[in-house]
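Engineer: Please find final-v3.csv (CSV, C-alpha atoms and all ligand atoms) on the next line:
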```
chain,number,residue,atom,x,y,z
A,1,MET,CA,362.1,75.1,203.7
A,2,ARG,CA,360.3,75.3,207.1
A,3,ARG,CA,362.4,72.3,208.2
A,4,PHE,CA,365.5,74.2,207.4
A,5,PHE,CA,364.5,77.2,209.5
A,6,ARG,CA,363.7,74.9,212.4
A,7,ALA,CA,367.1,73.2,212.1
A,8,SER,CA,369.0,76.5,211.8
A,9,GLY,CA,367.1,77.8,214.8
A,10,GLY,CA,368.5,74.8,216.8
A,11,LYS,CA,372.0,75.8,215.6
A,12,PHE,CA,371.5,79.3,216.9
A,13,VAL,CA,370.7,77.9,220.4
A,14,ARG,CA,373.8,75.7,220.3
A,15,ILE,CA,376.0,78.7,219.3
A,16,ALA,CA,374.7,80.7,222.3
A,17,ALA,CA,375.3,77.9,224.7
A,18,TYR,CA,378.9,77.6,223.3
A,19,ASN,CA,379.7,81.2,224.5
A,20,ILE,CA,378.6,80.5,228.1
A,21,CYS,CA,380.5,77.3,228.6
A,22,MET,CA,383.7,78.2,226.8
A,23,LYS,CA,385.7,79.1,229.9
A,24,LYS,CA,385.3,75.7,231.5
A,25,LEU,CA,386.6,73.7,228.5
A,26,SER,CA,390.0,72.5,227.5
A,27,ALA,CA,391.9,74.0,224.6
A,28,LYS,CA,391.2,70.9,222.5
A,29,HIS,CA,387.5,71.1,223.2
A,30,ARG,CA,387.5,74.8,222.4
A,31,ILE,CA,389.1,74.2,219.0
A,32,LEU,CA,386.5,71.4,218.3
A,33,LEU,CA,383.6,73.6,219.4
A,34,ALA,CA,385.0,76.6,217.5
A,35,CYS,CA,385.2,74.5,214.3
A,36,GLY,CA,381.6,73.3,215.0
A,37,ALA,CA,380.4,76.9,215.4
A,38,VAL,CA,382.1,77.9,212.1
A,39,ALA,CA,380.6,74.9,210.4
A,40,ALA,CA,377.1,75.8,211.8
A,41,ALA,CA,377.5,79.4,210.7
A,42,LEU,CA,378.6,78.2,207.2
A,43,ALA,CA,375.7,75.8,207.1
A,44,PHE,CA,373.3,78.6,208.0
A,45,THR,CA,374.8,80.9,205.3
A,46,VAL,CA,374.7,78.2,202.6
A,47,GLY,CA,371.2,77.3,203.8
A,48,MET,CA,370.1,80.9,203.3
A,49,CYS,CA,371.5,80.9,199.8
A,50,VAL,CA,369.7,77.6,199.0
A,51,TYR,CA,366.5,79.0,200.5
A,52,ALA,CA,366.8,82.2,198.4
A,53,LEU,CA,367.2,80.2,195.2
A,54,ALA,CA,364.5,77.8,196.2
A,55,ARG,CA,362.1,80.7,196.8
A,56,THR,CA,363.0,82.1,193.4
A,57,ALA,CA,362.5,78.7,191.8
A,58,SER,CA,359.2,78.2,193.6
A,59,GLY,CA,358.1,81.7,192.6
A,60,ILE,CA,358.4,80.6,189.0
A,61,SER,CA,357.0,77.1,189.5
A,62,ARG,CA,353.8,78.7,191.0
A,63,MET,CA,353.1,80.1,187.6
A,64,THR,CA,350.5,78.1,185.8
A,65,ILE,CA,350.3,77.5,182.0
A,66,VAL,CA,347.0,76.4,180.6
A,67,ILE,CA,347.5,74.2,177.5
A,68,ASP,CA,344.4,73.8,175.3
A,69,ALA,CA,344.5,70.9,172.8
A,70,GLY,CA,342.0,72.0,170.2
A,71,HIS,CA,339.0,69.9,169.2
A,72,GLY,CA,338.5,66.3,170.5
A,73,GLY,CA,335.8,63.6,170.8
A,74,ILE,CA,333.4,63.7,167.9
A,75,ASP,CA,335.1,67.0,166.7
A,76,GLY,CA,338.4,65.9,165.0
A,77,GLY,CA,339.1,69.3,163.5
A,78,VAL,CA,340.7,69.3,160.1
A,79,VAL,CA,342.2,66.2,158.5
A,80,GLY,CA,345.6,65.6,156.8
A,81,ARG,CA,345.2,65.3,153.0
A,82,LYS,CA,347.7,62.5,152.6
A,83,THR,CA,347.6,60.6,155.8
A,84,GLY,CA,344.0,61.2,157.0
A,85,THR,CA,345.5,62.1,160.5
A,86,LYS,CA,343.0,64.0,162.6
A,87,GLU,CA,344.0,67.5,163.8
A,88,SER,CA,342.6,66.6,167.3
A,89,ASP,CA,345.2,63.8,167.6
A,90,ILE,CA,348.2,66.0,166.6
A,91,ASN,CA,346.9,68.7,168.9
A,92,LEU,CA,346.8,66.3,171.9
A,93,SER,CA,350.2,64.9,171.1
A,94,VAL,CA,351.9,68.4,170.8
A,95,SER,CA,350.0,69.5,174.0
A,96,ARG,CA,351.4,66.6,176.0
A,97,LEU,CA,354.9,67.2,174.8
A,98,LEU,CA,354.4,70.9,175.6
A,99,GLN,CA,353.3,69.9,179.1
A,100,THR,CA,356.6,68.0,179.6
A,101,GLU,CA,358.6,71.0,178.4
A,102,PHE,CA,356.9,73.4,180.8
A,103,GLU,CA,357.0,71.0,183.7
A,104,GLU,CA,360.7,70.5,183.2
A,105,ALA,CA,361.1,74.3,183.3
A,106,GLY,CA,359.3,74.3,186.7
A,107,PHE,CA,355.8,75.5,185.7
A,108,LEU,CA,352.5,74.0,186.8
A,109,VAL,CA,350.5,72.9,183.8
A,110,VAL,CA,346.8,72.4,183.3
A,111,GLN,CA,345.5,70.7,180.2
A,112,THR,CA,341.9,71.7,179.2
A,113,ARG,CA,341.6,68.4,177.2
A,114,PRO,CA,344.0,65.8,178.7
A,115,THR,CA,342.5,62.9,176.7
A,116,GLU,CA,341.0,62.2,173.3
A,117,ALA,CA,337.6,62.9,174.7
A,118,GLY,CA,335.8,66.3,174.1
A,119,LEU,CA,334.6,68.4,177.0
A,120,TYR,CA,331.0,68.6,176.0
A,121,GLY,CA,329.5,65.7,178.0
A,122,ALA,CA,326.9,64.0,175.8
A,123,ALA,CA,327.3,64.4,172.1
A,124,THR,CA,324.0,66.2,171.7
A,125,ALA,CA,323.0,69.5,170.2
A,126,GLY,CA,325.1,72.4,171.4
A,127,TYR,CA,328.1,70.2,172.1
A,128,LYS,CA,330.6,72.6,170.5
A,129,LYS,CA,329.4,75.5,172.7
A,130,ARG,CA,329.5,73.4,175.8
A,131,ASP,CA,333.0,72.2,174.9
A,132,MET,CA,334.3,75.7,174.4
A,133,GLN,CA,332.6,77.0,177.6
A,134,ARG,CA,334.3,74.3,179.7
A,135,ARG,CA,337.6,75.3,178.3
A,136,ALA,CA,337.0,78.9,179.3
A,137,GLU,CA,336.0,77.8,182.8
A,138,ILE,CA,339.2,75.9,183.2
A,139,ILE,CA,341.2,78.9,182.2
A,140,HIS,CA,339.4,81.1,184.7
A,141,GLU,CA,339.7,78.5,187.5
A,142,ASN,CA,343.5,78.5,187.1
A,143,ALA,CA,344.5,82.2,186.6
A,144,PRO,CA,347.3,81.2,184.2
A,145,ALA,CA,350.4,83.2,183.3
A,146,ALA,CA,349.7,82.1,179.7
A,147,VAL,CA,347.2,80.2,177.7
A,148,ILE,CA,348.4,78.2,174.6
A,149,SER,CA,345.7,76.7,172.4
A,150,VAL,CA,347.2,74.2,170.0
A,151,HIS,CA,345.7,73.7,166.5
A,152,GLN,CA,346.6,72.6,163.0
A,153,ASN,CA,345.7,74.7,159.9
A,154,PHE,CA,344.0,73.9,156.6
A,155,PHE,CA,343.7,76.0,153.5
A,156,PRO,CA,342.2,75.3,150.0
A,157,VAL,CA,345.5,76.4,148.4
A,158,SER,CA,347.8,73.5,149.2
A,159,SER,CA,351.0,75.5,148.7
A,160,ARG,CA,350.3,77.5,151.9
A,161,ARG,CA,352.4,76.3,154.8
A,162,GLY,CA,354.1,77.2,158.0
A,163,ALA,CA,353.3,78.0,161.6
A,164,GLN,CA,351.1,80.9,162.5
A,165,VAL,CA,350.3,82.4,166.0
A,166,PHE,CA,347.1,84.3,166.6
A,167,PHE,CA,346.4,86.9,169.2
A,168,ARG,CA,343.5,89.0,170.4
A,169,GLU,CA,343.9,92.5,169.0
A,170,THR,CA,342.6,94.3,172.2
A,171,ASN,CA,344.9,92.3,174.5
A,172,GLU,CA,348.4,93.7,174.5
A,173,LEU,CA,349.8,90.7,176.4
A,174,SER,CA,348.2,88.3,174.0
A,175,HIS,CA,349.9,90.2,171.2
A,176,THR,CA,353.3,90.2,172.9
A,177,LEU,CA,353.1,86.5,173.7
A,178,ALA,CA,352.1,85.7,170.1
A,179,CYS,CA,355.1,87.7,168.7
A,180,SER,CA,357.5,85.9,171.1
A,181,ILE,CA,356.3,82.4,170.1
A,182,GLN,CA,356.1,83.4,166.4
A,183,THR,CA,359.6,84.7,166.5
A,184,ALA,CA,360.8,81.4,168.0
A,185,LEU,CA,358.9,79.3,165.4
A,186,ASN,CA,360.3,81.5,162.6
A,187,GLU,CA,363.8,80.6,163.8
A,188,MET,CA,363.3,76.9,163.4
A,189,PRO,CA,365.4,75.4,160.6
A,190,GLU,CA,362.3,73.6,159.3
A,191,CYS,CA,360.5,77.0,158.9
A,192,VAL,CA,360.5,77.7,155.2
A,193,GLU,CA,357.7,80.3,155.3
A,194,ARG,CA,358.0,82.8,158.1
A,195,SER,CA,354.9,84.6,159.3
A,196,GLU,CA,354.0,87.5,161.5
A,197,ALA,CA,351.8,87.0,164.5
A,198,LEU,CA,348.2,87.5,163.3
A,199,LYS,CA,345.1,89.0,164.7
A,200,GLY,CA,342.4,86.5,165.3
A,201,ASP,CA,338.7,86.8,166.4
A,202,TYR,CA,338.4,83.5,168.1
A,203,TYR,CA,336.4,82.3,171.2
A,204,MET,CA,339.5,80.9,172.9
A,205,LEU,CA,341.2,84.4,172.7
A,206,ASN,CA,338.1,86.4,173.5
A,207,CYS,CA,336.9,84.3,176.4
A,208,ASN,CA,339.6,85.5,178.8
A,209,ASP,CA,341.9,88.4,179.6
A,210,TYR,CA,345.1,86.3,180.3
A,211,PRO,CA,347.9,86.3,177.7
A,212,SER,CA,346.3,83.8,175.3
A,213,VAL,CA,347.4,82.6,171.9
A,214,ILE,CA,346.3,80.1,169.3
A,215,VAL,CA,349.3,78.3,167.7
A,216,GLU,CA,348.5,76.9,164.3
A,217,CYS,CA,351.5,74.6,164.1
A,218,GLY,CA,351.3,74.0,160.3
A,219,PHE,CA,349.0,73.2,157.4
A,220,LEU,CA,347.5,69.7,157.1
A,221,SER,CA,346.5,70.8,153.6
A,222,ASN,CA,350.3,71.0,152.6
A,223,ALA,CA,352.0,67.8,152.0
A,224,ALA,CA,355.4,68.9,153.4
A,225,ASP,CA,353.9,70.3,156.5
A,226,GLU,CA,351.7,67.2,157.0
A,227,ALA,CA,354.7,64.9,156.7
A,228,LEU,CA,356.5,66.9,159.5
A,229,LEU,CA,353.4,67.3,161.7
A,230,VAL,CA,352.6,63.6,162.0
A,231,THR,CA,356.1,62.8,163.3
A,232,ARG,CA,356.8,62.8,167.0
A,233,GLU,CA,360.2,64.3,166.4
A,234,TYR,CA,358.8,67.4,164.8
A,235,GLN,CA,356.0,67.6,167.4
A,236,LYS,CA,358.7,67.6,170.1
A,237,ARG,CA,360.6,70.3,168.3
A,238,LEU,CA,357.4,72.4,168.1
A,239,ALA,CA,356.9,71.9,171.9
A,240,GLU,CA,360.4,73.0,172.7
A,241,VAL,CA,360.2,76.1,170.5
A,242,ILE,CA,356.7,77.1,171.8
A,243,CYS,CA,357.9,76.7,175.4
A,244,ARG,CA,361.0,78.7,174.7
A,245,GLY,CA,359.0,81.5,173.1
A,246,THR,CA,356.6,81.6,176.1
A,247,ILE,CA,359.4,81.7,178.6
A,248,ALA,CA,361.0,84.6,176.7
A,249,PHE,CA,357.7,86.5,177.0
A,250,LEU,CA,357.4,85.7,180.8
A,251,ALA,CA,361.1,86.6,181.5
A,252,ALA,CA,360.7,89.9,179.6
A,253,GLY,CA,357.6,90.7,181.7
A,254,ALA,CA,359.4,89.7,185.0
A,255,THR,CA,362.3,92.1,184.3
A,256,GLY,CA,360.0,94.9,183.0
A,257,ASP,CA,361.6,94.8,179.5
B,301,ZN,ZN,341.6,73.6,164.9
```
Just dump the structure as structure tokens.
Structural biologist:
Amino acid sequence: MRRFFRASGGKFVRIAAYNICMKKLSAKHRILLACGAVAAALAFTVGMCVYALARTASGISRMTIVIDAGHGGIDGGVVGRKTGTKESDINLSVSRLLQTEFEEAGFLVVQTRPTEAGLYGAATAGYKKRDMQRRAEIIHENAPAAVISVHQNFFPVSSRRGAQVFFRETNELSHTLACSIQTALNEMPECVERSEALKGDYYMLNCNDYPSVIVECGFLSNAADEALLVTREYQKRLAEVICRGTIAFLAAGATGD
């Protein structure tokens, strides 16, 4: 953008010079120069429009989303009853797809756990606490517009299924974001069991004051959910829908709705 301003500054100089020399020039040259001046003015106007749009776009792209793939390393989380798939692997896969969705929408994305490894350093006593504290540090370092922690659920009663989004009761923005994502998930054709956003007393929600949610994408204790959750197609659908719900929350905040 700075380059554009320097270039348009040059055009201004040329337009001023045009006025001074006009009297000495032939009619043909006057027409050519007049056309040039009109073109320069037009270029300046179009440039200003492009600049305004780019500024709006970059205003959005400066927003950072922290995506937190739950578990990792020696902590695989829960395990699918039928396939034995580890929750940590599904979480990472959905998180990566979610990153693509947000980046394509112009956001900056930070992953707390970008690989299969945990964040605890050596797998010694207290690893879980170190892992969680590192996630909290990453959130605070990035001052995000939203934090989305990705998990998979498990329940002793295998009929229980569907996506559930958790929020921190004392954080209104966490609640609003959770409702927005839950609404988007409930609208999925694959959603056979709708849920309300739910209060949750979890470290990842309590460790920061940014709009943070935990998305439990489905139940690995339910055969139908598990069959969906292990496929890349469904993981991508989840990523699209979670991203859409988050953007709806951010857009509502931007317009003061
Ligand atoms: Zn989990």
Engineer: Report, in Å to a single decimal, how far apart CA of Glu226 in chain A and CA of Leu92 in chain A are.
Structural biologist: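 So the answer is 15.7 Å.
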Engineer: 8 Å from ligand ZN 301 (chain B) is the threshold here; counting only C-alpha atoms and all ligand atoms, which polymer residues fall inside it? Answer as a list in words.
Structural biologist: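 So, counting only C-alpha atoms and all ligand atoms, the residues near ligand ZN 301 (chain B) are Gly70, His71, Gly77, Val78, Glu87, Ser88, Val150, His151, Gln152, Asn153 and Glu216 of chain A.
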Engineer: Rounded to one decimal in Å, what is the spacing between CA of Ala197 in chain A and CA of Lys82 in chain A?
Structural biologist: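 CA of Lys82 in chain A lies 27.5 Å from CA of Ala197 in chain A.
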Engineer: How would you write as number ranges by chain the residues that get within 10 Å of (338.2, 85.6, 170.7) in the file's frame, counting all atoms listed in the file?
Structural biologist: A: 166-170, 199-208, 212-214
Engineer: Mind giving me the straight-line distance from CA of Ala69 in chain A to CA of Ile148 in chain A in Å, one decimal?
Structural biologist: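 One can read the CA of Ala69 in chain A to CA of Ile148 in chain A distance as 8.5 Å.
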Engineer: Set the distance at 9 Å and use all atoms listed in the file: which residues neighbour Arg134 in chain A once local chain neighbours fewer than 6 positions away are removed? I'd like the list as a list of chain:residue names.
Structural biologist: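 Surrounding residues, per the criterion: A:Thr112, A:Leu119, A:Tyr120.
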